[in-house]
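The structure appears right after this line, and notes come after that.
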Amino acid sequence: MTSGLWDLVLKGIWTTVQLLVLSALLATAVSFVVGVARTHRLWIVRFLAGFYTEVFRGTSALVMIFWVFFVLPVAFGWQLVPLWAGTLALGLTYGAYGSEIVRGALNAVDPAQKEGGIALSFTPWQRLRLITLPQAVPEMMPSFCNLLIELLKGTALVSVMGMGDLTFSANLVRLALQQSAEIYTYVLLIYFAIAFVLTRLMRGLEKRLKAGVGKDPGNGTSARELKRARTTGVGGGVA
(Lines give C-alpha, C1' and ligand atoms only; values in the text may rest on other atoms or scores of the structure.)
Protein backbone atom coordinates (compact mmCIF):
# COMPACT_ATOMS: atom_id res chain seq x y z
CA MET A 1 0.00 0.00 0.00
CA THR A 2 1.37 3.39 -1.01
CA SER A 3 2.03 6.17 1.49
CA GLY A 4 -0.86 8.20 0.09
CA LEU A 5 -3.32 5.41 0.77
CA TRP A 6 -1.92 4.89 4.26
CA ASP A 7 -2.40 8.61 4.91
CA LEU A 8 -6.04 8.20 3.89
CA VAL A 9 -6.49 5.33 6.35
CA LEU A 10 -4.80 7.29 9.14
CA LYS A 11 -7.10 10.25 8.54
CA GLY A 12 -10.02 7.83 8.71
CA ILE A 13 -8.80 6.50 12.07
CA TRP A 14 -8.48 10.04 13.43
CA THR A 15 -12.01 10.89 12.23
CA THR A 16 -13.37 7.74 13.88
CA VAL A 17 -11.65 8.58 17.16
CA GLN A 18 -13.01 12.13 17.07
CA LEU A 19 -16.53 10.87 16.41
CA LEU A 20 -16.21 8.26 19.15
CA VAL A 21 -15.07 10.77 21.77
CA LEU A 22 -17.68 13.40 20.91
CA SER A 23 -20.60 10.99 20.69
CA ALA A 24 -19.47 9.21 23.88
CA LEU A 25 -19.46 12.53 25.76
CA LEU A 26 -22.94 13.34 24.51
CA ALA A 27 -24.20 9.83 25.24
CA THR A 28 -22.79 9.99 28.79
CA ALA A 29 -24.50 13.32 29.50
CA VAL A 30 -27.78 12.04 28.09
CA SER A 31 -27.47 8.77 30.02
CA PHE A 32 -27.14 10.47 33.39
CA VAL A 33 -29.74 13.17 32.78
CA VAL A 34 -32.37 10.78 31.46
CA GLY A 35 -31.41 7.95 33.82
CA VAL A 36 -31.78 10.18 36.88
CA ALA A 37 -35.03 11.54 35.46
CA ARG A 38 -36.34 7.95 35.23
CA THR A 39 -36.10 7.77 39.04
CA HIS A 40 -37.65 11.20 39.69
CA ARG A 41 -40.51 11.50 42.17
CA LEU A 42 -42.71 13.36 39.64
CA TRP A 43 -44.54 11.06 37.24
CA ILE A 44 -44.43 13.54 34.36
CA VAL A 45 -40.62 13.65 34.51
CA ARG A 46 -40.46 9.85 34.57
CA PHE A 47 -42.92 9.67 31.67
CA LEU A 48 -41.00 12.09 29.45
CA ALA A 49 -37.69 10.38 30.20
CA GLY A 50 -39.23 6.97 29.52
CA PHE A 51 -40.78 8.22 26.27
CA TYR A 52 -37.41 9.45 25.04
CA THR A 53 -35.77 6.16 25.98
CA GLU A 54 -38.36 4.05 24.18
CA VAL A 55 -38.26 6.19 21.04
CA PHE A 56 -34.50 6.12 20.62
CA ARG A 57 -34.11 2.49 21.69
CA GLY A 58 -36.83 1.48 19.27
CA THR A 59 -35.38 3.16 16.18
CA SER A 60 -32.39 2.21 14.08
CA ALA A 61 -29.18 4.18 14.58
CA LEU A 62 -28.63 4.08 10.81
CA VAL A 63 -32.07 5.54 10.12
CA MET A 64 -31.48 8.17 12.80
CA ILE A 65 -28.26 9.21 11.04
CA PHE A 66 -30.18 9.50 7.75
CA TRP A 67 -32.88 11.52 9.50
CA VAL A 68 -30.48 13.96 11.15
CA PHE A 69 -28.38 14.45 8.03
CA PHE A 70 -31.03 14.46 5.30
CA VAL A 71 -34.42 15.17 6.89
CA LEU A 72 -33.44 17.79 9.49
CA PRO A 73 -32.24 20.31 6.85
CA VAL A 74 -35.47 19.90 4.85
CA ALA A 75 -37.78 20.08 7.86
CA PHE A 76 -36.06 22.80 9.89
CA GLY A 77 -33.38 24.27 7.64
CA TRP A 78 -30.53 23.13 9.93
CA GLN A 79 -27.73 21.62 7.87
CA LEU A 80 -25.15 19.91 10.08
CA VAL A 81 -21.72 18.89 8.90
CA PRO A 82 -21.28 15.09 8.87
CA LEU A 83 -19.21 15.03 12.06
CA TRP A 84 -21.84 16.85 14.11
CA ALA A 85 -24.71 14.99 12.48
CA GLY A 86 -23.07 11.67 13.36
CA THR A 87 -22.30 12.85 16.88
CA LEU A 88 -25.90 13.94 17.47
CA ALA A 89 -27.48 10.78 16.06
CA LEU A 90 -25.13 8.34 17.80
CA GLY A 91 -25.02 10.28 21.08
CA LEU A 92 -28.80 10.43 21.40
CA THR A 93 -29.27 6.81 20.35
CA TYR A 94 -26.67 5.26 22.63
CA GLY A 95 -27.57 7.69 25.40
CA ALA A 96 -30.99 6.04 25.50
CA TYR A 97 -29.34 2.68 26.17
CA GLY A 98 -27.06 4.26 28.74
CA SER A 99 -29.99 5.80 30.60
CA GLU A 100 -31.24 2.32 31.42
CA ILE A 101 -27.83 1.44 32.85
CA VAL A 102 -27.97 4.52 35.08
CA ARG A 103 -31.55 3.86 36.14
CA GLY A 104 -30.82 0.25 37.05
CA ALA A 105 -27.70 1.14 39.03
CA LEU A 106 -29.49 3.89 40.96
CA ASN A 107 -32.36 1.59 41.85
CA ALA A 108 -29.89 -1.09 43.00
CA VAL A 109 -28.47 1.11 45.76
CA ASP A 110 -29.53 -0.12 49.20
CA PRO A 111 -32.72 1.77 50.20
CA ALA A 112 -31.33 2.07 53.72
CA GLN A 113 -28.62 4.36 52.35
CA LYS A 114 -31.25 6.70 50.92
CA GLU A 115 -33.28 6.56 54.12
CA GLY A 116 -30.16 7.54 56.04
CA GLY A 117 -29.86 10.64 53.87
CA ILE A 118 -33.49 11.52 54.54
CA ALA A 119 -32.88 11.08 58.27
CA LEU A 120 -29.99 13.53 57.98
CA SER A 121 -32.31 16.04 56.26
CA PHE A 122 -30.40 15.89 52.97
CA THR A 123 -32.12 17.41 49.97
CA PRO A 124 -32.85 15.07 47.00
CA TRP A 125 -29.87 16.58 45.16
CA GLN A 126 -27.59 16.01 48.17
CA ARG A 127 -28.77 12.40 48.51
CA LEU A 128 -28.10 11.83 44.82
CA ARG A 129 -24.67 13.50 44.82
CA LEU A 130 -23.34 12.31 48.18
CA ILE A 131 -24.97 8.91 48.67
CA THR A 132 -26.52 7.34 45.58
CA LEU A 133 -24.18 8.25 42.72
CA PRO A 134 -20.89 7.41 44.52
CA GLN A 135 -22.21 3.88 45.08
CA ALA A 136 -24.01 3.46 41.76
CA VAL A 137 -21.36 4.76 39.32
CA PRO A 138 -18.80 1.96 39.96
CA GLU A 139 -21.51 -0.62 39.26
CA MET A 140 -22.31 1.06 35.93
CA MET A 141 -18.78 0.76 34.56
CA PRO A 142 -18.88 -2.81 33.10
CA SER A 143 -22.12 -2.04 31.26
CA PHE A 144 -20.82 1.33 30.09
CA CYS A 145 -17.67 -0.40 28.83
CA ASN A 146 -19.78 -2.70 26.66
CA LEU A 147 -21.85 0.25 25.46
CA LEU A 148 -18.71 2.19 24.53
CA ILE A 149 -17.47 -0.74 22.43
CA GLU A 150 -20.86 -0.91 20.72
CA LEU A 151 -20.63 2.83 20.06
CA LEU A 152 -17.19 2.35 18.50
CA LYS A 153 -18.63 -0.20 16.08
CA GLY A 154 -21.63 2.05 15.48
CA THR A 155 -19.36 4.85 14.22
CA ALA A 156 -18.94 2.85 11.00
CA LEU A 157 -22.54 3.78 10.13
CA VAL A 158 -21.55 7.39 9.39
CA SER A 159 -19.86 6.21 6.19
CA VAL A 160 -23.32 6.35 4.56
CA MET A 161 -23.06 10.18 4.73
CA GLY A 162 -19.75 10.08 2.84
CA MET A 163 -17.90 10.98 6.03
CA GLY A 164 -14.24 10.00 5.85
CA ASP A 165 -14.15 7.67 8.84
CA LEU A 166 -12.13 4.47 9.00
CA THR A 167 -14.72 2.36 7.18
CA PHE A 168 -15.26 4.90 4.41
CA SER A 169 -11.52 5.44 3.91
CA ALA A 170 -10.84 1.72 3.87
CA ASN A 171 -13.51 1.23 1.23
CA LEU A 172 -11.85 3.85 -0.98
CA VAL A 173 -8.52 2.05 -0.56
CA ARG A 174 -10.20 -1.27 -1.40
CA LEU A 175 -11.61 0.17 -4.62
CA ALA A 176 -8.20 1.59 -5.55
CA LEU A 177 -6.25 -1.61 -4.89
CA GLN A 178 -8.95 -4.22 -5.56
CA GLN A 179 -7.82 -6.13 -2.46
CA SER A 180 -10.92 -6.69 -0.36
CA ALA A 181 -9.62 -9.48 1.89
CA GLU A 182 -6.41 -7.69 2.88
CA ILE A 183 -7.99 -4.25 3.41
CA TYR A 184 -10.94 -5.45 5.45
CA THR A 185 -8.65 -7.62 7.57
CA TYR A 186 -6.64 -4.50 8.40
CA VAL A 187 -9.85 -2.68 9.28
CA LEU A 188 -10.95 -5.48 11.61
CA LEU A 189 -7.59 -5.41 13.38
CA ILE A 190 -7.69 -1.62 13.76
CA TYR A 191 -11.17 -1.69 15.28
CA PHE A 192 -10.07 -4.50 17.60
CA ALA A 193 -7.00 -2.53 18.70
CA ILE A 194 -9.10 0.55 19.51
CA ALA A 195 -11.65 -1.58 21.36
CA PHE A 196 -8.90 -3.30 23.35
CA VAL A 197 -7.45 0.02 24.47
CA LEU A 198 -10.90 1.28 25.46
CA THR A 199 -11.57 -1.89 27.45
CA ARG A 200 -8.34 -1.60 29.41
CA LEU A 201 -8.99 2.08 30.15
CA MET A 202 -12.53 1.38 31.34
CA ARG A 203 -11.39 -1.49 33.55
CA GLY A 204 -8.75 0.73 35.13
CA LEU A 205 -11.38 3.41 35.76
CA GLU A 206 -13.71 0.81 37.24
CA LYS A 207 -11.05 -0.42 39.69
CA ARG A 208 -10.23 3.13 40.73
CA LEU A 209 -13.87 4.02 41.35
CA LYS A 210 -14.55 0.85 43.31
CA ALA A 211 -11.45 1.44 45.42
CA GLY A 212 -12.86 4.83 46.36
CA VAL A 213 -15.97 3.23 47.83
CA GLY A 214 -14.24 0.02 48.88
CA LYS A 215 -16.39 -2.46 50.73
CA ASP A 216 -15.34 -4.42 53.76
CA PRO A 217 -15.93 -8.03 52.61
CA GLY A 218 -16.97 -9.04 56.11
CA ASN A 219 -20.05 -6.92 56.61
CA GLY A 220 -20.38 -4.74 53.53
CA THR A 221 -19.54 -1.55 55.38
CA SER A 222 -17.68 0.98 53.26
CA ALA A 223 -14.23 2.12 54.26
CA ARG A 224 -15.53 5.68 54.36
CA GLU A 225 -18.27 4.71 56.83
CA LEU A 226 -15.78 2.89 59.07
CA LYS A 227 -13.51 5.93 59.12
CA ARG A 228 -16.42 8.16 60.05
CA ALA A 229 -17.47 5.73 62.80
CA ARG A 230 -13.98 5.69 64.28
CA THR A 231 -13.85 9.48 64.23
CA THR A 232 -17.23 10.07 65.84
CA GLY A 233 -17.30 7.01 68.05
CA VAL A 234 -20.57 5.88 66.45
CA GLY A 235 -21.29 2.34 65.42
CA GLY A 236 -21.16 -0.09 68.25
CA GLY A 237 -18.31 1.47 70.18
CA VAL A 238 -15.74 1.39 67.39
CA ALA A 239 -12.57 2.97 68.72
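Order determines the names: the first chain of the C-alpha coordinates is A, the second B, and so forth; residues in each chain are numbered 1 upward, and ligands are numbered 1 upward as they are shown.
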
| said: Neighbouring residues of region 124-139 of chain A were defined as those with any atom within 8 Å, considering only C-alpha atoms; residues of the same chain fewer than 5 positions away were excluded. Please report them as a list of chain:residue names. | reply: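 That gives A:Val102, A:Ala105, A:Leu106, A:Ala108, A:Val109, A:Gln113, A:Lys114, A:Gly117, A:Ile118, A:Glu206, A:Leu209, A:Lys210, A:Val213.
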
| query | Could you pull the residues within 12 Å of region 51-55 of chain A, counting only C-alpha atoms, minus those fewer than 2 positions along the same chain, as JSON, numbers by chain? | reply | {"A": [30, 31, 33, 34, 35, 37, 38, 43, 44, 45, 46, 47, 48, 49, 57, 58, 59, 60, 61, 64, 92, 93, 94, 95, 96, 97, 98, 99, 100, 101, 103]}

| request: Within region 55-212 of chain A, find each residue whose DSSP state, derived from the backbone, is alpha helix (DSSP H), and express the selection as a ChimeraX atom specification. | output: /A:55-57,61-66,72-76,82-108,111-119,124-127,133-154,166-177,180-212

| said: What's around region 13-24 of chain A at 7 Å? Count only C-alpha atoms, leave out sequence neighbours fewer than 4 positions away in its own chain, and write the answer as a list in words. | reply: Val9, Thr28, Leu83, Thr87, Leu88, Leu90, Gly91, Leu152, Thr155, Gly164, Asp165 and Leu166 of chain A

| Pairwise distance for CA of Glu150 (chain A) and CA of Phe56 (chain A), rounded to one decimal in Å |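 The value is 15.3 Å.
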
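Relative to CA of Trp84 (chain A), CA of Ile65 (chain A) is found at 10.4 Å.
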
| remark: The residue from A:Asn146, A:Ser169, A:Gln79, A:Thr123 with the smallest atom-to-atom distance to Thr199 (chain A), counting only C-alpha atoms, is A:Asn146

| said: Can you measure CA of Pro111 (chain A) to CA of Phe144 (chain A) for me? One decimal in Å is fine. | reply: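 Between CA of Pro111 (chain A) and CA of Phe144 (chain A) the gap is 23.4 Å.
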
| message | Measuring between only C-alpha atoms, which one of A:Phe122, A:Thr39, A:Arg203, A:Gly86 shows the shortest distance to Pro142 (chain A)? | response |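 Between A:Phe122, A:Thr39, A:Arg203, A:Gly86, the residue approaching Pro142 (chain A) most closely is A:Arg203.
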
| field | Among listed residues A:Gly12, A:Pro82, A:Gly204, A:Gly162, nearest Ile190 (chain A) (using only C-alpha atoms) | value | A:Gly12
